[in-house]
Every structure is written in structure tokens, then in C-alpha cells.
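Dropping coords_17.txt in here (compact mmCIF, C-alpha atoms):
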```txt
# COMPACT_ATOMS: atom_id res chain seq x y z
CA PRO M 21 -73.99 14.37 25.53
CA CYS M 22 -70.25 14.47 25.95
CA LEU M 23 -70.19 10.97 27.39
CA LEU M 24 -72.49 9.57 24.73
CA GLY M 25 -70.64 11.26 21.91
CA GLY M 26 -73.58 13.49 20.97
CA ALA M 27 -77.22 12.70 20.34
CA GLY M 28 -76.44 10.67 17.29
CA GLY M 29 -73.00 9.47 18.33
CA PRO M 30 -71.73 5.96 18.95
CA GLY M 31 -72.79 6.06 22.59
CA ALA M 32 -76.41 6.79 21.73
CA ARG M 33 -76.42 4.14 19.06
CA GLY M 34 -74.96 1.70 21.59
CA VAL M 35 -77.77 2.44 24.03
CA VAL M 36 -80.37 1.92 21.30
CA THR M 37 -78.74 -1.35 20.29
CA TRP M 38 -78.56 -2.46 23.92
CA ARG M 39 -82.24 -1.68 24.48
CA ALA M 40 -83.21 -3.37 21.21
CA SER M 41 -81.46 -6.56 22.29
CA GLY M 42 -84.21 -7.00 24.88
CA PHE M 43 -86.91 -7.63 22.30
CA TYR M 44 -87.95 -11.21 21.61
CA LEU M 45 -90.91 -12.98 20.05
CA GLY M 46 -92.71 -15.82 21.81
CA ASP M 47 -94.68 -17.89 19.31
CA GLU M 48 -97.63 -20.14 20.11
CA GLY M 49 -96.67 -23.11 22.25
CA ARG M 50 -93.71 -21.32 23.86
CA ARG M 51 -93.28 -19.43 27.11
CA GLY M 52 -90.53 -17.07 28.20
CA CYS M 53 -88.98 -17.36 31.67
CA VAL M 54 -87.53 -13.98 32.64
CA THR M 55 -84.83 -13.67 35.30
CA ARG M 56 -83.46 -10.50 36.85
CA PHE M 57 -79.89 -10.84 38.07
CA GLY M 58 -80.42 -14.60 37.93
CA LYS M 59 -83.65 -14.62 39.97
CA TYR M 60 -86.92 -15.70 38.34
CA THR M 61 -89.40 -12.84 37.93
CA GLU M 62 -92.15 -13.86 35.48
CA THR M 63 -93.37 -16.15 32.72
CA THR M 64 -94.42 -14.38 29.54
CA THR M 65 -97.11 -15.44 27.06
CA PRO M 66 -96.80 -15.66 23.25
CA GLY M 67 -96.35 -12.46 21.27
CA PRO M 68 -93.81 -9.61 21.02
CA ARG M 69 -92.07 -9.09 24.35
CA TRP M 70 -89.29 -7.00 25.81
CA HIS M 71 -87.06 -7.42 28.85
CA LEU M 72 -84.23 -5.38 30.30
CA PRO M 73 -81.18 -6.50 28.32
CA PHE M 74 -78.13 -8.31 29.64
CA PRO M 75 -76.70 -8.14 32.26
CA ILE M 76 -79.84 -7.03 34.10
CA GLU M 77 -82.38 -9.52 32.77
CA ALA M 78 -82.32 -12.66 30.66
CA VAL M 79 -85.03 -14.81 29.13
CA GLU M 80 -85.19 -18.54 28.45
CA VAL M 81 -87.84 -19.58 25.92
CA VAL M 82 -89.38 -22.94 26.79
CA ASP M 83 -91.26 -25.07 24.24
CA PHE M 84 -94.62 -26.29 25.58
CA SER M 85 -95.76 -27.93 22.33
CA GLN M 86 -93.10 -30.61 22.04
CA VAL M 87 -93.93 -34.11 23.28
CA LYS M 88 -90.76 -35.70 24.64
CA THR M 89 -90.15 -39.44 25.05
CA VAL M 90 -87.96 -41.26 27.56
CA GLU M 91 -87.23 -44.95 26.97
CA ILE M 92 -86.74 -47.30 29.92
CA GLY M 93 -84.95 -50.61 29.39
CA TYR M 94 -84.18 -50.05 25.70
CA ARG M 95 -82.91 -47.37 23.31
CA ASN M 96 -83.55 -45.90 19.86
CA GLY M 97 -87.09 -47.23 19.63
CA ASN M 98 -85.89 -50.84 19.36
CA PRO M 99 -86.69 -53.21 22.28
CA ARG M 100 -83.80 -55.40 21.13
CA ASN M 101 -81.38 -52.68 22.25
CA LYS M 102 -81.81 -53.70 25.86
CA VAL M 103 -80.60 -51.87 28.94
CA ALA M 104 -81.10 -54.62 31.52
CA LYS M 105 -80.17 -52.52 34.55
CA GLU M 106 -83.23 -50.35 33.91
CA SER M 107 -85.81 -53.01 33.07
CA LEU M 108 -85.56 -55.73 35.74
CA PHE M 109 -88.17 -55.51 38.51
CA LEU M 110 -89.16 -57.76 41.42
CA THR M 111 -92.81 -58.83 41.62
CA ASP M 112 -94.93 -59.50 44.69
CA ASP M 113 -94.50 -63.28 44.33
CA GLU M 114 -90.68 -62.86 44.32
CA ASN M 115 -90.14 -63.33 40.61
CA ILE M 116 -88.01 -61.10 38.39
CA ILE M 117 -89.69 -59.60 35.35
CA ASP M 118 -88.21 -57.67 32.42
CA ILE M 119 -90.40 -54.63 31.62
CA GLN M 120 -89.48 -52.23 28.81
CA PHE M 121 -91.62 -49.12 28.60
CA ALA M 122 -91.72 -45.57 27.28
CA VAL M 123 -92.85 -42.34 28.94
CA GLN M 124 -94.21 -39.43 26.93
CA TYR M 125 -94.32 -36.06 28.64
CA THR M 126 -94.91 -32.37 28.05
CA LEU M 127 -94.59 -29.29 30.25
CA LYS M 128 -97.12 -27.56 32.45
CA SER M 129 -94.92 -24.98 34.19
CA ALA M 130 -92.11 -23.21 32.37
CA ALA M 131 -90.65 -21.76 35.57
CA ASP M 132 -90.58 -25.07 37.45
CA TYR M 133 -89.17 -26.89 34.44
CA SER M 134 -86.43 -24.31 33.91
CA PHE M 135 -85.31 -23.88 37.50
CA ASN M 136 -86.27 -27.07 39.38
CA ALA M 137 -85.23 -29.75 36.86
CA ARG M 138 -81.59 -29.56 35.81
CA LYS M 139 -81.68 -32.68 33.63
CA PRO M 140 -85.37 -33.34 32.90
CA ASP M 141 -84.90 -36.57 30.93
CA ASP M 142 -82.76 -38.05 33.72
CA VAL M 143 -85.32 -37.00 36.31
CA VAL M 144 -88.16 -38.59 34.31
CA SER M 145 -86.13 -41.78 33.81
CA GLN M 146 -85.32 -42.16 37.50
CA VAL M 147 -88.89 -41.40 38.58
CA ALA M 148 -90.23 -43.86 35.99
CA GLN M 149 -88.00 -46.67 37.26
CA THR M 150 -88.95 -45.95 40.87
CA ALA M 151 -92.67 -45.87 40.08
CA MET M 152 -92.55 -49.07 38.00
CA SER M 153 -90.57 -50.81 40.75
CA GLU M 154 -93.29 -49.98 43.28
CA VAL M 155 -96.17 -50.99 40.99
CA ALA M 156 -94.50 -54.26 39.93
CA GLY M 157 -93.69 -55.00 43.57
CA HIS M 158 -97.42 -55.09 44.33
CA SER M 159 -98.29 -57.33 41.33
CA GLN M 160 -98.09 -61.04 40.70
CA MET M 161 -95.86 -62.15 37.83
CA ASP M 162 -98.64 -63.70 35.74
CA PHE M 163 -100.75 -60.57 36.19
CA ALA M 164 -97.88 -58.35 35.00
CA LEU M 165 -97.15 -60.57 32.00
CA TYR M 166 -100.68 -60.96 30.72
CA GLU M 167 -103.96 -59.34 31.75
CA GLY M 168 -102.50 -56.63 33.98
CA ARG M 169 -100.28 -54.75 31.53
CA ALA M 170 -102.70 -51.88 30.91
CA GLN M 171 -103.41 -51.49 34.63
CA ILE M 172 -99.70 -51.47 35.47
CA ALA M 173 -99.07 -48.74 32.88
CA THR M 174 -101.92 -46.62 34.28
CA GLU M 175 -100.80 -47.00 37.90
CA THR M 176 -97.20 -46.18 36.96
CA GLU M 177 -98.36 -43.05 35.13
CA LYS M 178 -100.34 -41.84 38.15
CA LEU M 179 -97.51 -42.54 40.59
CA MET M 180 -94.99 -40.81 38.34
CA GLN M 181 -97.14 -37.69 38.11
CA ALA M 182 -97.52 -37.55 41.88
CA MET M 183 -93.75 -37.81 42.36
CA LEU M 184 -92.93 -35.22 39.69
CA ASP M 185 -95.44 -32.80 41.18
CA ARG M 186 -93.96 -33.32 44.63
CA TYR M 187 -90.52 -32.45 43.26
CA GLY M 188 -91.93 -29.37 41.47
CA THR M 189 -90.54 -30.32 38.06
CA GLY M 190 -93.25 -28.69 35.93
CA ILE M 191 -93.54 -31.92 33.92
CA TYR M 192 -96.84 -33.50 32.83
CA VAL M 193 -96.86 -37.24 32.06
CA GLN M 194 -99.04 -37.84 29.04
CA LYS M 195 -98.72 -41.60 28.71
CA VAL M 196 -96.81 -44.66 29.88
CA THR M 197 -96.62 -47.41 27.24
CA LEU M 198 -95.38 -50.93 27.95
CA GLN M 199 -93.34 -52.24 25.03
CA ASN M 200 -92.50 -55.64 26.49
CA ALA M 201 -93.20 -57.56 29.70
CA LEU M 202 -91.21 -60.78 29.70
CA PRO M 203 -89.26 -63.08 32.00
CA PRO M 204 -85.51 -62.36 32.03
CA ASP M 205 -83.45 -63.88 29.23
CA GLN M 206 -81.63 -66.17 31.68
CA VAL M 207 -84.84 -68.04 32.56
CA ALA M 208 -86.81 -67.52 29.36
CA ALA M 209 -86.41 -71.15 28.18
CA ALA M 210 -87.49 -72.57 31.55
CA PHE M 211 -90.38 -70.13 31.68
CA ASP M 212 -91.52 -71.18 28.19
CA ASP M 213 -91.44 -74.85 29.30
CA ALA M 214 -93.52 -73.99 32.35
CA VAL M 215 -96.04 -72.08 30.25
CA LYS M 216 -96.24 -74.97 27.76
CA ALA M 217 -96.79 -77.46 30.59
CA LYS M 218 -99.54 -75.25 32.00
CA GLN M 219 -101.17 -75.00 28.58
CA ASP M 220 -100.94 -78.80 28.13
CA ARG M 221 -102.55 -79.29 31.53
CA GLU M 222 -105.39 -76.94 30.64
CA ARG M 223 -105.84 -78.65 27.27
CA GLN M 224 -106.00 -82.12 28.84
CA LYS M 225 -108.36 -80.85 31.51
CA ASN M 226 -110.65 -79.40 28.84
CA GLU M 227 -110.51 -82.62 26.80
CA GLY M 228 -111.36 -84.66 29.90
CA GLN M 229 -114.26 -82.36 30.73
CA ALA M 230 -115.55 -82.60 27.17
CA TYR M 231 -115.34 -86.41 27.31
CA ALA M 232 -117.19 -86.43 30.64
CA ASN M 233 -119.87 -84.13 29.23
CA ASP M 234 -120.40 -86.64 26.41
CA VAL M 235 -120.22 -89.93 28.33
CA VAL M 236 -121.99 -89.12 31.60
CA PRO M 237 -125.36 -88.01 30.08
CA ARG M 238 -125.45 -91.13 27.85
CA ALA M 239 -124.64 -93.39 30.80
CA ARG M 240 -127.36 -91.79 32.88
CA GLY M 241 -129.84 -92.21 30.04
CA GLN M 242 -128.95 -95.87 29.65
CA ALA M 243 -129.27 -96.43 33.41
CA SER M 244 -132.68 -94.75 33.42
CA ARG M 245 -133.83 -96.93 30.52
CA LEU M 246 -132.65 -100.12 32.25
CA LEU M 247 -134.48 -99.13 35.45
CA GLN M 248 -137.67 -98.50 33.49
CA GLU M 249 -137.39 -101.89 31.72
CA ALA M 250 -136.76 -103.60 35.08
CA ASP M 251 -139.77 -101.89 36.64
CA GLY M 252 -141.92 -102.97 33.69
CA TYR M 253 -140.71 -106.58 33.91
CA ASN M 254 -141.32 -106.60 37.67
CA ALA M 255 -144.86 -105.31 37.21
CA SER M 256 -145.69 -107.83 34.51
CA VAL M 257 -144.36 -110.79 36.53
CA THR M 258 -146.07 -109.65 39.72
```

Could I get this file's structure written as C-alpha cells?
Amino acid sequence: PCLLGGAGGPGARGVVTWRASGFYLGDEGRRGCVTRFGKYTETTTPGPRWHLPFPIEAVEVVDFSQVKTVEIGYRNGNPRNKVAKESLFLTDDENIIDIQFAVQYTLKSAADYSFNARKPDDVVSQVAQTAMSEVAGHSQMDFALYEGRAQIATETEKLMQAMLDRYGTGIYVQKVTLQNALPPDQVAAAFDDAVKAKQDRERQKNEGQAYANDVVPRARGQASRLLQEADGYNASVT
């Protein structure tokens, strides 16, 4: 009592205040990571909670409900704001392709996220670029530019999740979305010319096939009629 200044003295009030500072409220969608002398001890669920106040224990409340987005190859939601060093990838047929994509992620482990990932957005960005580089490296350029975009996004998502789990980041990849898949700006004009030439070739091929489909049956019919007339004339003369 002498040290505390009496039952109702400043010392007692200080102890009450110190103990009260350990109360916190975890709402739905949040988890509390409790550390004791800096070492992780538990993850708490939503609701009123209490921990031993500072300097013994501390709590970091982590938001599970928020969906975070990392942009690769562009910024601020605008593909025109390019970051070329992030978006250029080498394909299996030794072409360079410019892929801009976004990664949406949430959390699945508050403890892993808090203590194993110092800069989560940077980790996600680096893992995304590594995964996309591997997937693009096993794809042909035409496949990546056209019919294979959805498949590339799915494979990148799976590879990213495997890497993030291996690193113990506590991050869950919800979706990988390709914004653009184009040839690099430096060769865009030449690539457009090549695509146009390919389209012209296909068009001419189709026109030639259509002409053949029209002419050949008529020619065969005429030949058959001439043969029948010749056979009839031969029979009558004989």
C-alpha cells in the first residue's frame, strides 16, 4: 500500500489503467496476432479480447476482409502508365511479349502474413513476375497473344500460390487478370504488318477455296454430260 500510494492512490489507478490498456476489440474479418516479448504466441478471433499490456505483450490486428491488388507492368489502373521492366517476358519461340496483369489477393494466415512477409506487396509483385516469366517461357507467342490468355492467367495464379505457400507468406491469390498482351512498342508496327499479311494470306486462301468450290463441281458436271452425250452418239452410230 505504501508503494502504491494507498488502495485508491495514483499507483493503484496506474495499475488499473495499465491493465485496461490490454483490452481490444476484434471485429468480423480481423484477427489479432499476439506476441509476448516479441515472440508470436497466438492468433485471436473476433470479439472482445485482452492481452498482457506493454511491454509484456503486444497485438497486431490484421484485416482478412480486404482484397488487395498489385499491378504488374502498369500503375494506377491505367495500362498506358507502363512499367516496361516489369512487363517484358520471353516466350518459348524466342519472342518478347509485353504482358500487363493484376493480382488480387487476401490473407489466409495472420501469423504468417505478419511475421514472414515484411513487404507483402513487394513479395507478391516479385513472385508474380517470376511466375509469369516461367509460364510465358513455356508458351508460343501467338498462343500468349490470342487464344491462350485465360490459360496463362490460370497457370500463373497456380504457380504463384505454390511459391507463396512455400515461402510461408500467409497470402491467398484470388485472381490473376491479364490487362494487355501485346508485342513490345519497338516492334509493334512490324508486328501489325506481319499480322495484316497473315490475314491477307488467309483471306486470299479462303477466296481461292470458295472459287474452287464453285468451279470444280460445275466442270465435273459438264465433263459428265459430255461423256454421256459421246456415249449416246457412239451407241447410235454403232

- Interatomic distance (Å, one decimal) between CA of Ile116 in chain M and CA of Asp141 in chain M: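 We find that CA of Ile116 in chain M and CA of Asp141 in chain M lie 25.8 Å from each other.
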
- Find the distance between CA of Arg169 in chain M and CA of Arg186 in chain M and write it in Å to one decimal. 25.9 Å

- Measuring atom to atom with all atoms listed in the file, identify which of M:Gly157, M:Gly168, M:Gly190, M:Pro30 is nearest to Val143 in chain M.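 Result for the nearest residue to Val143 in chain M: M:Gly190.
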
- At what distance in Å, to one decimal, does CA of Gly93 in chain M lie from CA of Asn115 in chain M? 17.7 Å

- Pick the closest to Val103 in chain M from M:Ala151, M:Leu179, M:Glu167, M:Pro204: which is it, counting all atoms listed in the file? M:Pro204

- Closest of M:Phe163, M:Phe121, M:Tyr133, M:Phe84 to Glu106 in chain M, counting all atoms listed in the file, is M:Phe121

- Task: Just the residues within 12 Å of Gln171 in chain M, please, counting only C-alpha atoms, with nothing from its chain fewer than 2 positions along; format it as a list in words.
- Result: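 Counting only the stated atoms, we get Met152, Val155, Ala156, His158, Ser159, Phe163, Ala164, Leu165, Tyr166, Glu167, Gly168, Arg169, Ala173, Thr174, Glu175, Thr176, Glu177, Lys178, Val196, Thr197 and Leu198 of chain M.
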
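Using all atoms listed in the file, the smallest distance between any of M:Gln181, M:Thr189, M:Gln124, M:Gln86 and Asn136 in chain M comes from M:Thr189.
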
- Query: Restricting the calculation to all atoms listed in the file, which member of M:Met161, M:Ala232, M:Val35, M:Leu127 is positioned closest to Leu202 in chain M?
  - Reply: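 Of M:Met161, M:Ala232, M:Val35, M:Leu127, the one nearest Leu202 in chain M is M:Met161, counting all atoms listed in the file.
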